[in-house]
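Accompanying notes for the structure given below.
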Amino acid sequence: MTILAAAAFSAAIMNNTEAEKSIHDFTMYSIKSEATPLKKYKGKVLLVVNTASKCGLTPQYKGLQSLYDSKKKEGLVVLGFPANNFGNQEPGSDKEISAFCTENYGVTFPMFSKISVKGDDIHPLYKWLINATDKQGDIKWNFAKFVIGKDGQVAARFSPQTKPDNKKLLAAIDAALAK
């Protein structure tokens, strides 16, 4: 086997392994800089959202918190991932973001350290999420939403404009909770 063929073979294996991952394989840092293995959410339905504090969609935090409050006993966990990829709308530090979310929206759902959700420095979690929903392409803006089933796989993806009380989003969450 030539070096080029061996490299292509290795890349194919890596791509297959990547495609077979679940969200539970990732460890992220909480907004308080604590390593958080996402396997702690096995058996839960997750709503993964890239967030920003200075965006026209920022008021969605209120709806996300309400959704979390109303469905957490059923097994839903909202996970917020601040990102500064769109118009410098999340310029703050993790500490500033945490204070903003708590003071303005009473956020109690898990928030994570700021990451990149697109571009050359995209975090592997978001690369995996996008690859799982490749027909929809890159993240277009703040507050894109991914519903993750109890098995750790992407069940549905919704646009940033989809509000947390949207009937189709709620139906996708309820279907994932029912499995």
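Note on naming: chains are A, B, ... as they come in the structure tokens, residues start from 1 per chain, ligands start from 1 in the order shown.
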Which of range 2-146 of chain A DSSP labels strand (DSSP E), written as a PyMOL selection string: chain A and resi 27-29+35-37+45-51+76-82+145-146
Could I get the residues of range 74-152 of chain A with an atom no further than 10 Å from an atom of range 161-178 of chain A, each paired with its nearest atom pair and that distance in Å to one decimal, using only C-alpha atoms, sorted by chain and residue number, as JSON lines?
{"residue": "A:Glu74", "atom": "CA", "partner": "A:Leu177", "partner_atom": "CA", "distance": 7.1}
{"residue": "A:Gly75", "atom": "CA", "partner": "A:Leu177", "partner_atom": "CA", "distance": 6.8}
{"residue": "A:Leu76", "atom": "CA", "partner": "A:Leu177", "partner_atom": "CA", "distance": 7.4}
{"residue": "A:Trp141", "atom": "CA", "partner": "A:Gln161", "partner_atom": "CA", "distance": 8.9}
{"residue": "A:Asn142", "atom": "CA", "partner": "A:Gln161", "partner_atom": "CA", "distance": 9.0}
{"residue": "A:Phe143", "atom": "CA", "partner": "A:Gln161", "partner_atom": "CA", "distance": 7.5}
{"residue": "A:Ala144", "atom": "CA", "partner": "A:Gln161", "partner_atom": "CA", "distance": 7.7}
{"residue": "A:Lys145", "atom": "CA", "partner": "A:Thr162", "partner_atom": "CA", "distance": 8.0}
{"residue": "A:Phe146", "atom": "CA", "partner": "A:Leu169", "partner_atom": "CA", "distance": 9.4}
{"residue": "A:Val147", "atom": "CA", "partner": "A:Ile173", "partner_atom": "CA", "distance": 6.6}
{"residue": "A:Ile148", "atom": "CA", "partner": "A:Ala176", "partner_atom": "CA", "distance": 7.7}
{"residue": "A:Gly149", "atom": "CA", "partner": "A:Ala176", "partner_atom": "CA", "distance": 5.3}
{"residue": "A:Lys150", "atom": "CA", "partner": "A:Ala176", "partner_atom": "CA", "distance": 7.1}
{"residue": "A:Asp151", "atom": "CA", "partner": "A:Ala176", "partner_atom": "CA", "distance": 9.5}
Tell me which protein, DNA and RNA residues are within 6 Å of range 30-35 of chain A, counting only C-alpha atoms, leaving out same-chain ones fewer than 6 positions away, and put them as a list in words. Asp94, Met111, Phe112 and Ser113 of chain A
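Closest approach to Gly80 in chain A from the set A:Thr51, A:Ser98, A:Thr108, A:Thr58 is made by A:Thr51, with distances taken over only C-alpha atoms.
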Report the closest atom pair, with its distance in Å rounded to one decimal, for each residue of range 91-159 of chain A that has an atom no farther than 9 Å from range 21-25 of chain A; count only C-alpha atoms, sort by chain and then rising residue number, and write it as a tab-separated table.
residue	atom	partner	partner_atom	distance
A:Leu125	CA	A:Ile23	CA	7.5
A:Trp128	CA	A:Lys21	CA	8.0
A:Leu129	CA	A:Ile23	CA	8.4
A:Ile148	CA	A:Ile23	CA	8.0
A:Asp151	CA	A:Ser22	CA	7.6
A:Gly152	CA	A:Ser22	CA	4.9
A:Gln153	CA	A:Ser22	CA	5.5
A:Val154	CA	A:Ile23	CA	8.4
Mind checking DSSP for range 25-157 of chain A and telling me the alpha helix (DSSP H) residues as a JSON list (two decimals) with C-alpha atoms, in the first residue's frame?
[["chain", "number", "residue", "atom", "x", "y", "z"],
["A", 60, "GLN", "CA", -34.73, 33.44, 23.64],
["A", 61, "TYR", "CA", -32.85, 32.78, 26.89],
["A", 62, "LYS", "CA", -36.16, 33.40, 28.68],
["A", 63, "GLY", "CA", -37.96, 30.80, 26.58],
["A", 64, "LEU", "CA", -35.10, 28.31, 26.91],
["A", 65, "GLN", "CA", -35.22, 28.66, 30.69],
["A", 66, "SER", "CA", -39.00, 28.24, 30.68],
["A", 67, "LEU", "CA", -38.69, 25.13, 28.50],
["A", 68, "TYR", "CA", -36.03, 23.71, 30.80],
["A", 69, "ASP", "CA", -38.16, 24.39, 33.88],
["A", 70, "SER", "CA", -41.23, 22.76, 32.36],
["A", 71, "LYS", "CA", -39.55, 19.62, 30.98],
["A", 94, "ASP", "CA", -17.25, 33.36, 30.73],
["A", 95, "LYS", "CA", -17.71, 35.15, 34.05],
["A", 96, "GLU", "CA", -19.48, 38.10, 32.34],
["A", 97, "ILE", "CA", -21.66, 35.76, 30.26],
["A", 98, "SER", "CA", -22.66, 33.79, 33.35],
["A", 99, "ALA", "CA", -23.57, 36.95, 35.26],
["A", 100, "PHE", "CA", -25.54, 38.31, 32.29],
["A", 101, "CYS", "CA", -27.56, 35.09, 31.89],
["A", 102, "THR", "CA", -28.31, 34.80, 35.60],
["A", 103, "GLU", "CA", -29.14, 38.45, 36.23],
["A", 104, "ASN", "CA", -31.20, 39.08, 33.09],
["A", 105, "TYR", "CA", -32.86, 35.73, 32.39],
["A", 124, "PRO", "CA", -15.18, 19.40, 17.50],
["A", 125, "LEU", "CA", -18.60, 19.18, 19.18],
["A", 126, "TYR", "CA", -20.11, 21.56, 16.65],
["A", 127, "LYS", "CA", -18.25, 19.89, 13.81],
["A", 128, "TRP", "CA", -19.89, 16.64, 14.90],
["A", 129, "LEU", "CA", -23.34, 18.28, 15.23],
["A", 130, "ILE", "CA", -23.09, 19.80, 11.75],
["A", 131, "ASN", "CA", -21.84, 16.55, 10.22],
["A", 132, "ALA", "CA", -24.83, 14.76, 11.77]]
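Distance-wise, CA of Lys73 in chain A and CA of Ile115 in chain A end up 28.3 Å apart.
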Give the answer as one residue: which of A:Leu57, A:Val48, A:Ala83, A:Ile139 has the shortest atom-to-atom distance to Ser116 in chain A, using only C-alpha atoms?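 Of the candidates, the smallest distance to Ser116 in chain A is held by A:Ala83.
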Just checking: using only C-alpha atoms, which residue out of A:Gly56, A:Ala155, A:Phe81, A:Asn50 ends up closest to Lys140 in chain A? A:Asn50
